[in-house]
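Raw contents of target.cif, mmCIF, N, CA and C atoms:
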```cif
data_model
loop_
_atom_site.label_atom_id
_atom_site.label_comp_id
_atom_site.auth_asym_id
_atom_site.auth_seq_id
_atom_site.Cartn_x
_atom_site.Cartn_y
_atom_site.Cartn_z
N MET A 60 72.20 4.24 42.78
CA MET A 60 72.04 4.77 41.44
C MET A 60 72.77 6.10 41.39
N SER A 61 73.52 6.31 40.32
CA SER A 61 74.28 7.54 40.20
C SER A 61 73.35 8.72 39.94
N ALA A 62 73.81 9.90 40.33
CA ALA A 62 73.01 11.11 40.11
C ALA A 62 72.83 11.35 38.61
N LYS A 63 73.84 11.02 37.83
CA LYS A 63 73.75 11.22 36.38
C LYS A 63 72.61 10.38 35.80
N ARG A 64 72.53 9.12 36.20
CA ARG A 64 71.46 8.26 35.69
C ARG A 64 70.12 8.66 36.26
N LYS A 65 70.09 9.08 37.52
CA LYS A 65 68.83 9.46 38.15
C LYS A 65 68.18 10.60 37.39
N GLY A 66 68.98 11.50 36.84
CA GLY A 66 68.47 12.62 36.08
C GLY A 66 67.96 12.22 34.69
N ARG A 67 68.13 10.98 34.32
CA ARG A 67 67.74 10.50 33.00
C ARG A 67 66.36 9.87 32.99
N ARG A 68 65.58 10.06 34.02
CA ARG A 68 64.23 9.50 34.04
C ARG A 68 63.36 10.22 33.03
N VAL A 69 62.59 9.43 32.32
CA VAL A 69 61.70 10.00 31.31
C VAL A 69 60.34 9.34 31.41
N SER A 70 59.33 10.10 31.05
CA SER A 70 57.98 9.55 31.03
C SER A 70 57.83 8.66 29.81
N ALA A 71 56.76 7.88 29.78
CA ALA A 71 56.49 7.01 28.63
C ALA A 71 56.33 7.83 27.35
N GLY A 72 55.66 8.97 27.45
CA GLY A 72 55.48 9.83 26.28
C GLY A 72 56.79 10.42 25.79
N GLU A 73 57.66 10.81 26.71
CA GLU A 73 58.97 11.35 26.33
C GLU A 73 59.83 10.25 25.70
N LEU A 74 59.73 9.05 26.25
CA LEU A 74 60.48 7.92 25.69
C LEU A 74 60.03 7.63 24.26
N GLU A 75 58.75 7.73 24.02
CA GLU A 75 58.21 7.52 22.68
C GLU A 75 58.81 8.55 21.70
N ILE A 76 58.94 9.79 22.13
CA ILE A 76 59.53 10.84 21.29
C ILE A 76 61.02 10.57 21.08
N LEU A 77 61.72 10.18 22.15
CA LEU A 77 63.15 9.86 22.02
C LEU A 77 63.36 8.73 21.01
N GLU A 78 62.48 7.74 21.03
CA GLU A 78 62.61 6.64 20.07
C GLU A 78 62.50 7.14 18.64
N VAL A 79 61.66 8.13 18.40
CA VAL A 79 61.56 8.75 17.07
C VAL A 79 62.89 9.42 16.73
N LEU A 80 63.46 10.14 17.68
CA LEU A 80 64.73 10.84 17.43
C LEU A 80 65.86 9.85 17.17
N TRP A 81 65.91 8.76 17.92
CA TRP A 81 66.95 7.75 17.69
C TRP A 81 66.77 7.09 16.32
N ARG A 82 65.55 6.83 15.95
CA ARG A 82 65.26 6.14 14.69
C ARG A 82 65.48 7.05 13.47
N HIS A 83 65.10 8.32 13.58
CA HIS A 83 65.13 9.22 12.42
C HIS A 83 66.24 10.25 12.45
N GLY A 84 66.94 10.39 13.55
CA GLY A 84 67.97 11.42 13.64
C GLY A 84 67.32 12.78 13.84
N GLU A 85 67.87 13.80 13.23
CA GLU A 85 67.31 15.15 13.35
C GLU A 85 65.98 15.25 12.62
N VAL A 86 64.97 15.78 13.32
CA VAL A 86 63.64 15.92 12.71
C VAL A 86 63.02 17.25 13.12
N THR A 87 62.12 17.72 12.28
CA THR A 87 61.31 18.88 12.66
C THR A 87 60.14 18.39 13.51
N LEU A 88 59.45 19.31 14.13
CA LEU A 88 58.26 18.96 14.92
C LEU A 88 57.25 18.22 14.05
N SER A 89 57.05 18.72 12.85
CA SER A 89 56.08 18.11 11.94
C SER A 89 56.46 16.66 11.61
N VAL A 90 57.72 16.42 11.33
CA VAL A 90 58.18 15.07 11.01
C VAL A 90 58.04 14.17 12.23
N ALA A 91 58.40 14.67 13.41
CA ALA A 91 58.26 13.88 14.64
C ALA A 91 56.80 13.50 14.86
N HIS A 92 55.91 14.45 14.64
CA HIS A 92 54.48 14.22 14.83
C HIS A 92 54.00 13.10 13.89
N ARG A 93 54.37 13.17 12.64
CA ARG A 93 53.97 12.13 11.67
C ARG A 93 54.62 10.79 11.98
N ALA A 94 55.87 10.81 12.44
CA ALA A 94 56.62 9.58 12.69
C ALA A 94 56.03 8.75 13.82
N LEU A 95 55.29 9.39 14.71
CA LEU A 95 54.69 8.64 15.81
C LEU A 95 53.65 7.65 15.30
N GLY A 96 53.04 7.95 14.18
CA GLY A 96 52.14 7.02 13.53
C GLY A 96 50.87 6.70 14.30
N ARG A 97 50.45 7.61 15.13
CA ARG A 97 49.20 7.43 15.86
C ARG A 97 48.58 8.79 16.11
N ASP A 98 47.33 8.77 16.55
CA ASP A 98 46.61 10.01 16.79
C ASP A 98 47.08 10.64 18.11
N ILE A 99 47.86 11.69 17.98
CA ILE A 99 48.36 12.42 19.14
C ILE A 99 48.42 13.89 18.73
N GLY A 100 48.10 14.77 19.65
CA GLY A 100 48.06 16.18 19.34
C GLY A 100 49.42 16.75 18.95
N TYR A 101 49.41 17.62 17.97
CA TYR A 101 50.63 18.28 17.50
C TYR A 101 51.29 19.04 18.65
N THR A 102 50.49 19.76 19.43
CA THR A 102 51.05 20.55 20.54
C THR A 102 51.56 19.64 21.65
N THR A 103 51.00 18.44 21.79
CA THR A 103 51.50 17.47 22.77
C THR A 103 52.91 17.04 22.39
N VAL A 104 53.13 16.78 21.11
CA VAL A 104 54.47 16.41 20.63
C VAL A 104 55.43 17.57 20.86
N GLN A 105 54.97 18.78 20.58
CA GLN A 105 55.81 19.96 20.79
C GLN A 105 56.19 20.11 22.26
N THR A 106 55.23 19.93 23.14
CA THR A 106 55.49 20.03 24.58
C THR A 106 56.51 18.98 25.03
N ARG A 107 56.34 17.75 24.55
CA ARG A 107 57.26 16.68 24.94
C ARG A 107 58.67 16.94 24.40
N LEU A 108 58.76 17.42 23.17
CA LEU A 108 60.08 17.76 22.63
C LEU A 108 60.73 18.86 23.46
N ASN A 109 59.97 19.88 23.81
CA ASN A 109 60.52 20.98 24.62
C ASN A 109 60.94 20.51 26.01
N ARG A 110 60.18 19.59 26.60
CA ARG A 110 60.59 19.02 27.90
C ARG A 110 61.91 18.27 27.78
N LEU A 111 62.04 17.50 26.69
CA LEU A 111 63.29 16.77 26.48
C LEU A 111 64.47 17.72 26.31
N VAL A 112 64.25 18.82 25.61
CA VAL A 112 65.30 19.83 25.46
C VAL A 112 65.64 20.43 26.82
N HIS A 113 64.62 20.78 27.59
CA HIS A 113 64.82 21.36 28.92
C HIS A 113 65.59 20.41 29.84
N LYS A 114 65.33 19.13 29.73
CA LYS A 114 66.02 18.13 30.56
C LYS A 114 67.42 17.81 30.03
N GLY A 115 67.77 18.33 28.87
CA GLY A 115 69.09 18.05 28.29
C GLY A 115 69.14 16.72 27.56
N LEU A 116 67.99 16.14 27.27
CA LEU A 116 67.94 14.84 26.61
C LEU A 116 67.80 14.97 25.10
N ALA A 117 67.48 16.17 24.63
CA ALA A 117 67.38 16.45 23.19
C ALA A 117 67.95 17.84 22.95
N ARG A 118 68.32 18.08 21.68
CA ARG A 118 68.82 19.39 21.27
C ARG A 118 67.85 19.98 20.25
N ARG A 119 67.73 21.30 20.28
CA ARG A 119 66.90 22.00 19.31
C ARG A 119 67.79 22.98 18.56
N SER A 120 67.71 22.96 17.24
CA SER A 120 68.52 23.87 16.43
C SER A 120 67.90 25.26 16.45
N ALA A 121 68.67 26.24 16.02
CA ALA A 121 68.17 27.61 15.92
C ALA A 121 67.48 27.84 14.58
N ASP A 122 67.53 26.85 13.69
CA ASP A 122 66.90 26.96 12.37
C ASP A 122 65.40 27.16 12.50
N ARG A 123 64.79 27.58 11.38
CA ARG A 123 63.34 27.65 11.29
C ARG A 123 62.92 26.85 10.07
N PRO A 124 62.14 25.82 10.18
CA PRO A 124 61.65 25.29 11.45
C PRO A 124 62.77 24.62 12.24
N ALA A 125 62.61 24.65 13.54
CA ALA A 125 63.62 24.04 14.42
C ALA A 125 63.72 22.55 14.14
N ARG A 126 64.93 22.04 14.31
CA ARG A 126 65.17 20.60 14.16
C ARG A 126 65.59 20.06 15.53
N TYR A 127 65.07 18.89 15.84
CA TYR A 127 65.34 18.26 17.13
C TYR A 127 66.15 16.99 16.92
N ALA A 128 67.06 16.72 17.86
CA ALA A 128 67.87 15.51 17.80
C ALA A 128 68.10 15.02 19.24
N ALA A 129 68.26 13.74 19.39
CA ALA A 129 68.55 13.17 20.71
C ALA A 129 69.92 13.65 21.18
N ALA A 130 70.02 13.99 22.45
CA ALA A 130 71.30 14.40 23.04
C ALA A 130 71.88 13.29 23.91
N VAL A 131 71.16 12.18 24.00
CA VAL A 131 71.60 11.04 24.80
C VAL A 131 71.39 9.77 23.97
N SER A 132 72.13 8.76 24.33
CA SER A 132 71.98 7.49 23.62
C SER A 132 70.86 6.65 24.22
N GLN A 133 70.41 5.73 23.43
CA GLN A 133 69.37 4.80 23.91
C GLN A 133 69.90 4.01 25.11
N ARG A 134 71.17 3.68 25.08
CA ARG A 134 71.77 2.91 26.19
C ARG A 134 71.74 3.71 27.50
N GLU A 135 72.02 5.00 27.42
CA GLU A 135 71.99 5.83 28.63
C GLU A 135 70.60 5.84 29.25
N ILE A 136 69.60 6.01 28.43
CA ILE A 136 68.22 6.06 28.92
C ILE A 136 67.81 4.70 29.46
N SER A 137 68.16 3.64 28.75
CA SER A 137 67.83 2.29 29.21
C SER A 137 68.44 2.01 30.57
N ALA A 138 69.69 2.42 30.76
CA ALA A 138 70.36 2.19 32.03
C ALA A 138 69.62 2.90 33.17
N GLY A 139 69.21 4.13 32.94
CA GLY A 139 68.48 4.87 33.97
C GLY A 139 67.14 4.24 34.27
N GLN A 140 66.43 3.80 33.23
CA GLN A 140 65.12 3.18 33.42
C GLN A 140 65.27 1.85 34.17
N LEU A 141 66.31 1.08 33.83
CA LEU A 141 66.54 -0.20 34.52
C LEU A 141 66.93 0.02 35.97
N ASP A 142 67.74 1.05 36.23
CA ASP A 142 68.09 1.38 37.62
C ASP A 142 66.84 1.73 38.42
N LEU A 143 65.95 2.50 37.82
CA LEU A 143 64.71 2.87 38.48
C LEU A 143 63.85 1.65 38.75
N LEU A 144 63.72 0.77 37.77
CA LEU A 144 62.98 -0.48 37.95
C LEU A 144 63.58 -1.31 39.07
N LEU A 145 64.87 -1.45 39.09
CA LEU A 145 65.56 -2.22 40.11
C LEU A 145 65.26 -1.66 41.50
N GLU A 146 65.32 -0.34 41.62
CA GLU A 146 65.05 0.31 42.90
C GLU A 146 63.61 0.08 43.34
N ARG A 147 62.69 0.19 42.40
CA ARG A 147 61.27 0.07 42.73
C ARG A 147 60.84 -1.35 43.07
N VAL A 148 61.35 -2.34 42.33
CA VAL A 148 60.84 -3.70 42.53
C VAL A 148 61.63 -4.51 43.54
N SER A 149 62.87 -4.15 43.79
CA SER A 149 63.65 -4.97 44.72
C SER A 149 64.55 -4.15 45.64
N GLY A 150 64.19 -2.89 45.85
CA GLY A 150 64.96 -2.07 46.78
C GLY A 150 66.41 -1.90 46.39
N GLY A 151 66.73 -2.07 45.12
CA GLY A 151 68.10 -1.89 44.65
C GLY A 151 68.90 -3.18 44.62
N SER A 152 68.35 -4.27 45.14
CA SER A 152 69.05 -5.55 45.15
C SER A 152 68.87 -6.25 43.81
N ILE A 153 69.97 -6.67 43.24
CA ILE A 153 69.95 -7.30 41.92
C ILE A 153 69.48 -8.75 41.99
N VAL A 154 69.81 -9.44 43.04
CA VAL A 154 69.56 -10.88 43.12
C VAL A 154 68.09 -11.26 42.93
N PRO A 155 67.13 -10.63 43.61
CA PRO A 155 65.73 -11.03 43.39
C PRO A 155 65.29 -10.87 41.94
N LEU A 156 65.74 -9.81 41.30
CA LEU A 156 65.36 -9.57 39.91
C LEU A 156 65.95 -10.63 38.99
N VAL A 157 67.23 -10.92 39.16
CA VAL A 157 67.89 -11.93 38.33
C VAL A 157 67.28 -13.31 38.62
N ALA A 158 67.04 -13.62 39.89
CA ALA A 158 66.44 -14.91 40.25
C ALA A 158 65.09 -15.07 39.56
N HIS A 159 64.29 -14.03 39.58
CA HIS A 159 62.98 -14.10 38.91
C HIS A 159 63.15 -14.37 37.42
N LEU A 160 64.04 -13.65 36.78
CA LEU A 160 64.24 -13.80 35.34
C LEU A 160 64.76 -15.19 34.99
N VAL A 161 65.67 -15.71 35.80
CA VAL A 161 66.26 -17.03 35.52
C VAL A 161 65.28 -18.15 35.82
N GLU A 162 64.53 -18.02 36.91
CA GLU A 162 63.62 -19.10 37.32
C GLU A 162 62.31 -19.10 36.55
N ASP A 163 61.82 -17.96 36.16
CA ASP A 163 60.49 -17.87 35.55
C ASP A 163 60.48 -17.64 34.05
N HIS A 164 61.64 -17.62 33.42
CA HIS A 164 61.70 -17.39 31.98
C HIS A 164 62.65 -18.41 31.35
N SER A 165 62.33 -18.83 30.17
CA SER A 165 63.22 -19.74 29.44
C SER A 165 64.37 -18.94 28.87
N LEU A 166 65.57 -19.34 29.22
CA LEU A 166 66.76 -18.67 28.71
C LEU A 166 67.38 -19.53 27.61
N SER A 167 67.87 -18.87 26.59
CA SER A 167 68.56 -19.60 25.52
C SER A 167 69.98 -19.90 25.99
N VAL A 168 70.63 -20.80 25.29
CA VAL A 168 72.02 -21.13 25.59
C VAL A 168 72.87 -19.87 25.48
N GLU A 169 72.59 -19.06 24.47
CA GLU A 169 73.36 -17.82 24.27
C GLU A 169 73.17 -16.86 25.44
N GLU A 170 71.95 -16.75 25.93
CA GLU A 170 71.70 -15.86 27.07
C GLU A 170 72.41 -16.35 28.33
N ILE A 171 72.41 -17.66 28.54
CA ILE A 171 73.10 -18.23 29.70
C ILE A 171 74.59 -17.96 29.59
N GLU A 172 75.16 -18.14 28.42
CA GLU A 172 76.58 -17.86 28.22
C GLU A 172 76.89 -16.38 28.46
N GLN A 173 76.01 -15.53 28.00
CA GLN A 173 76.20 -14.09 28.20
C GLN A 173 76.15 -13.74 29.68
N LEU A 174 75.22 -14.35 30.41
CA LEU A 174 75.14 -14.12 31.85
C LEU A 174 76.40 -14.61 32.56
N LYS A 175 76.91 -15.75 32.15
CA LYS A 175 78.15 -16.28 32.74
C LYS A 175 79.31 -15.31 32.52
N ARG A 176 79.39 -14.76 31.31
CA ARG A 176 80.46 -13.79 31.03
C ARG A 176 80.32 -12.54 31.89
N LEU A 177 79.09 -12.09 32.08
CA LEU A 177 78.87 -10.92 32.93
C LEU A 177 79.25 -11.20 34.38
N ILE A 178 78.94 -12.38 34.87
CA ILE A 178 79.31 -12.75 36.24
C ILE A 178 80.82 -12.86 36.37
N ASP A 179 81.48 -13.46 35.38
CA ASP A 179 82.94 -13.54 35.40
C ASP A 179 83.56 -12.15 35.46
N LYS A 180 83.03 -11.25 34.66
CA LYS A 180 83.53 -9.88 34.65
C LYS A 180 83.30 -9.21 36.00
N ALA A 181 82.12 -9.42 36.58
CA ALA A 181 81.82 -8.84 37.89
C ALA A 181 82.75 -9.38 38.96
N GLU A 182 83.04 -10.66 38.90
CA GLU A 182 83.94 -11.27 39.89
C GLU A 182 85.34 -10.67 39.81
N LYS A 183 85.79 -10.36 38.62
CA LYS A 183 87.11 -9.75 38.44
C LYS A 183 87.17 -8.32 38.97
N ASN A 184 86.03 -7.67 39.03
CA ASN A 184 85.97 -6.28 39.48
C ASN A 184 85.67 -6.13 40.97
N VAL A 185 85.43 -7.24 41.66
CA VAL A 185 85.11 -7.18 43.09
C VAL A 185 86.40 -6.89 43.86
N GLU A 186 86.30 -5.92 44.77
CA GLU A 186 87.44 -5.60 45.62
C GLU A 186 87.48 -6.57 46.79
N PRO A 187 88.66 -7.11 47.11
CA PRO A 187 88.74 -8.05 48.25
C PRO A 187 88.41 -7.34 49.55
N ARG A 188 87.80 -8.09 50.46
CA ARG A 188 87.44 -7.50 51.77
C ARG A 188 88.60 -7.39 52.68
#
```
How does the structure come out when it is put into structure tokens?
Amino acid sequence: MSAKRKGRRVSAGELEILEVLWRHGEVTLSVAHRALGRDIGYTTVQTRLNRLVHKGLARRSADRPARYAAAVSQREISAGQLDLLLERVSGGSIVPLVAHLVEDHSLSVEEIEQLKRLIDKAEKNVEPR
């Protein structure tokens, strides 16, 4: 796992806040708090937003009230979370994870075609021994 992705680990609570930022764009603390749509402390949302800013995953404006926006894409965070999952469940080996998904889940024709395209692409990128 690359160091860049490793630094993209986020807690479930931080991920929930990032999802608000991706969905709504720039928001104030008050808007973020309301957008969560559940009973959560205002200061908890503030703390999570500040942690995301500290980690470089969100930006805070100098305006008053401050506005927060995601500084990373959903794809970047997903990649880091998937890398972490891969490391935890299969020691970094892709095959056991893919085998589980293929053998224990019903795949659509479209998903199978997509997997074939990904394998074709991977084969083209393999360096000869």
Within 12 Å of Ser70 of chain A, counting only C-alpha atoms, which residues qualify if same-chain residues fewer than 3 places away don't, as a JSON list (two decimals) with N, CA and C atoms, in the frame of the given file?
```
[["chain", "number", "residue", "atom", "x", "y", "z"],
["A", 67, "ARG", "N", 68.13, 10.98, 34.32],
["A", 67, "ARG", "CA", 67.74, 10.50, 33.00],
["A", 67, "ARG", "C", 66.36, 9.87, 32.99],
["A", 73, "GLU", "N", 57.66, 10.81, 26.71],
["A", 73, "GLU", "CA", 58.97, 11.35, 26.33],
["A", 73, "GLU", "C", 59.83, 10.25, 25.70],
["A", 74, "LEU", "N", 59.73, 9.05, 26.25],
["A", 74, "LEU", "CA", 60.48, 7.92, 25.69],
["A", 74, "LEU", "C", 60.03, 7.63, 24.26],
["A", 75, "GLU", "N", 58.75, 7.73, 24.02],
["A", 75, "GLU", "CA", 58.21, 7.52, 22.68],
["A", 75, "GLU", "C", 58.81, 8.55, 21.70],
["A", 76, "ILE", "N", 58.94, 9.79, 22.13],
["A", 76, "ILE", "CA", 59.53, 10.84, 21.29],
["A", 76, "ILE", "C", 61.02, 10.57, 21.08],
["A", 77, "LEU", "N", 61.72, 10.18, 22.15],
["A", 77, "LEU", "CA", 63.15, 9.86, 22.02],
["A", 77, "LEU", "C", 63.36, 8.73, 21.01],
["A", 107, "ARG", "N", 56.34, 17.75, 24.55],
["A", 107, "ARG", "CA", 57.26, 16.68, 24.94],
["A", 107, "ARG", "C", 58.67, 16.94, 24.40],
["A", 108, "LEU", "N", 58.76, 17.42, 23.17],
["A", 108, "LEU", "CA", 60.08, 17.76, 22.63],
["A", 108, "LEU", "C", 60.73, 18.86, 23.46],
["A", 110, "ARG", "N", 60.18, 19.59, 26.60],
["A", 110, "ARG", "CA", 60.59, 19.02, 27.90],
["A", 110, "ARG", "C", 61.91, 18.27, 27.78],
["A", 111, "LEU", "N", 62.04, 17.50, 26.69],
["A", 111, "LEU", "CA", 63.29, 16.77, 26.48],
["A", 111, "LEU", "C", 64.47, 17.72, 26.31],
["A", 114, "LYS", "N", 65.33, 19.13, 29.73],
["A", 114, "LYS", "CA", 66.02, 18.13, 30.56],
["A", 114, "LYS", "C", 67.42, 17.81, 30.03],
["A", 136, "ILE", "N", 69.60, 6.01, 28.43],
["A", 136, "ILE", "CA", 68.22, 6.06, 28.92],
["A", 136, "ILE", "C", 67.81, 4.70, 29.46],
["A", 139, "GLY", "N", 69.21, 4.13, 32.94],
["A", 139, "GLY", "CA", 68.48, 4.87, 33.97],
["A", 139, "GLY", "C", 67.14, 4.24, 34.27],
["A", 140, "GLN", "N", 66.43, 3.80, 33.23],
["A", 140, "GLN", "CA", 65.12, 3.18, 33.42],
["A", 140, "GLN", "C", 65.27, 1.85, 34.17]]
```
With the PyMOL selection byres (((chain A and resi 91 and name CA) around 10) and name CA) as the selection, what would be picked from this file? Answer as an mmCIF file with N, CA and C atoms, keeping the file's coordinate frame, please.
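Final file, expr_26.cif:
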```
data_model
loop_
_atom_site.group_PDB
_atom_site.id
_atom_site.type_symbol
_atom_site.label_atom_id
_atom_site.label_comp_id
_atom_site.auth_asym_id
_atom_site.auth_seq_id
_atom_site.Cartn_x
_atom_site.Cartn_y
_atom_site.Cartn_z
ATOM 1 N N ILE A 76 58.940 9.790 22.130
ATOM 2 C CA ILE A 76 59.530 10.840 21.290
ATOM 3 C C ILE A 76 61.020 10.570 21.080
ATOM 4 N N LEU A 77 61.720 10.180 22.150
ATOM 5 C CA LEU A 77 63.150 9.860 22.020
ATOM 6 C C LEU A 77 63.360 8.730 21.010
ATOM 7 N N VAL A 79 61.660 8.130 18.400
ATOM 8 C CA VAL A 79 61.560 8.750 17.070
ATOM 9 C C VAL A 79 62.890 9.420 16.730
ATOM 10 N N LEU A 80 63.460 10.140 17.680
ATOM 11 C CA LEU A 80 64.730 10.840 17.430
ATOM 12 C C LEU A 80 65.860 9.850 17.170
ATOM 13 N N HIS A 83 65.100 8.320 13.580
ATOM 14 C CA HIS A 83 65.130 9.220 12.420
ATOM 15 C C HIS A 83 66.240 10.250 12.450
ATOM 16 N N GLU A 85 67.870 13.800 13.230
ATOM 17 C CA GLU A 85 67.310 15.150 13.350
ATOM 18 C C GLU A 85 65.980 15.250 12.620
ATOM 19 N N VAL A 86 64.970 15.780 13.320
ATOM 20 C CA VAL A 86 63.640 15.920 12.710
ATOM 21 C C VAL A 86 63.020 17.250 13.120
ATOM 22 N N THR A 87 62.120 17.720 12.280
ATOM 23 C CA THR A 87 61.310 18.880 12.660
ATOM 24 C C THR A 87 60.140 18.390 13.510
ATOM 25 N N LEU A 88 59.450 19.310 14.130
ATOM 26 C CA LEU A 88 58.260 18.960 14.920
ATOM 27 C C LEU A 88 57.250 18.220 14.050
ATOM 28 N N SER A 89 57.050 18.720 12.850
ATOM 29 C CA SER A 89 56.080 18.110 11.940
ATOM 30 C C SER A 89 56.460 16.660 11.610
ATOM 31 N N VAL A 90 57.720 16.420 11.330
ATOM 32 C CA VAL A 90 58.180 15.070 11.010
ATOM 33 C C VAL A 90 58.040 14.170 12.230
ATOM 34 N N HIS A 92 55.910 14.450 14.640
ATOM 35 C CA HIS A 92 54.480 14.220 14.830
ATOM 36 C C HIS A 92 54.000 13.100 13.890
ATOM 37 N N ARG A 93 54.370 13.170 12.640
ATOM 38 C CA ARG A 93 53.970 12.130 11.670
ATOM 39 C C ARG A 93 54.620 10.790 11.980
ATOM 40 N N ALA A 94 55.870 10.810 12.440
ATOM 41 C CA ALA A 94 56.620 9.580 12.690
ATOM 42 C C ALA A 94 56.030 8.750 13.820
ATOM 43 N N LEU A 95 55.290 9.390 14.710
ATOM 44 C CA LEU A 95 54.690 8.640 15.810
ATOM 45 C C LEU A 95 53.650 7.650 15.300
ATOM 46 N N GLY A 96 53.040 7.950 14.180
ATOM 47 C CA GLY A 96 52.140 7.020 13.530
ATOM 48 C C GLY A 96 50.870 6.700 14.300
ATOM 49 N N TYR A 101 49.410 17.620 17.970
ATOM 50 C CA TYR A 101 50.630 18.280 17.500
ATOM 51 C C TYR A 101 51.290 19.040 18.650
ATOM 52 N N VAL A 104 53.130 16.780 21.110
ATOM 53 C CA VAL A 104 54.470 16.410 20.630
ATOM 54 C C VAL A 104 55.430 17.570 20.860
ATOM 55 N N GLN A 105 54.970 18.780 20.580
ATOM 56 C CA GLN A 105 55.810 19.960 20.790
ATOM 57 C C GLN A 105 56.190 20.110 22.260
ATOM 58 N N LEU A 108 58.760 17.420 23.170
ATOM 59 C CA LEU A 108 60.080 17.760 22.630
ATOM 60 C C LEU A 108 60.730 18.860 23.460
ATOM 61 N N ARG A 126 64.930 22.040 14.310
ATOM 62 C CA ARG A 126 65.170 20.600 14.160
ATOM 63 C C ARG A 126 65.590 20.060 15.530
ATOM 64 N N TYR A 127 65.070 18.890 15.840
ATOM 65 C CA TYR A 127 65.340 18.260 17.130
ATOM 66 C C TYR A 127 66.150 16.990 16.920
#
```
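The coordinates place atom CA of Glu78 of chain A at 22.1 Å from atom CA of Leu145 of chain A.
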Q) Quick one, how far is atom C of Pro124 of chain A from atom CA of Arg68 of chain A? A) 26.6 Å
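For the set A:Ile178, A:Ile99, A:Val112, A:Ala129, the residue with the smallest atom-to-atom gap to Val157 of chain A is A:Ile178, counting only C-alpha atoms.
Atom pair atom N of Ser137 of chain A / atom CA of Glu170 of chain A has a distance of 19.9 Å (rounded to one decimal).
Minimum atom-to-atom distance to Trp81 of chain A, evaluated using all atoms listed in the file, belongs to A:Ala128 out of A:Ala128, A:Asp179, A:Val185, A:Glu172.
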Centre and edge lengths, as AutoDock Vina command-line options, for the axis-aligned box enclosing every listed atom of segment 122-130 of chain A with 5 Å of padding on each of the six sides, in Å to one decimal?
```
--center_x 66.8 --center_y 20.4 --center_z 17.0 --size_x 20.2 --size_y 24.5 --size_z 23.8
```
(Q) So that I can check the secondary structure, give me every residue of chain A assigned alpha helix (DSSP H) by backbone DSSP, as a VMD selection string. (A) chain A and resid 62 to 65 71 to 83 88 to 94 101 to 113 133 to 149 153 to 163 168 to 184
Q) Which residue out of A:Gln173, A:Ser132, A:Ser152, A:Thr106 has the minimum interatomic distance to Gly72 of chain A when only C-alpha atoms are used? A) A:Thr106
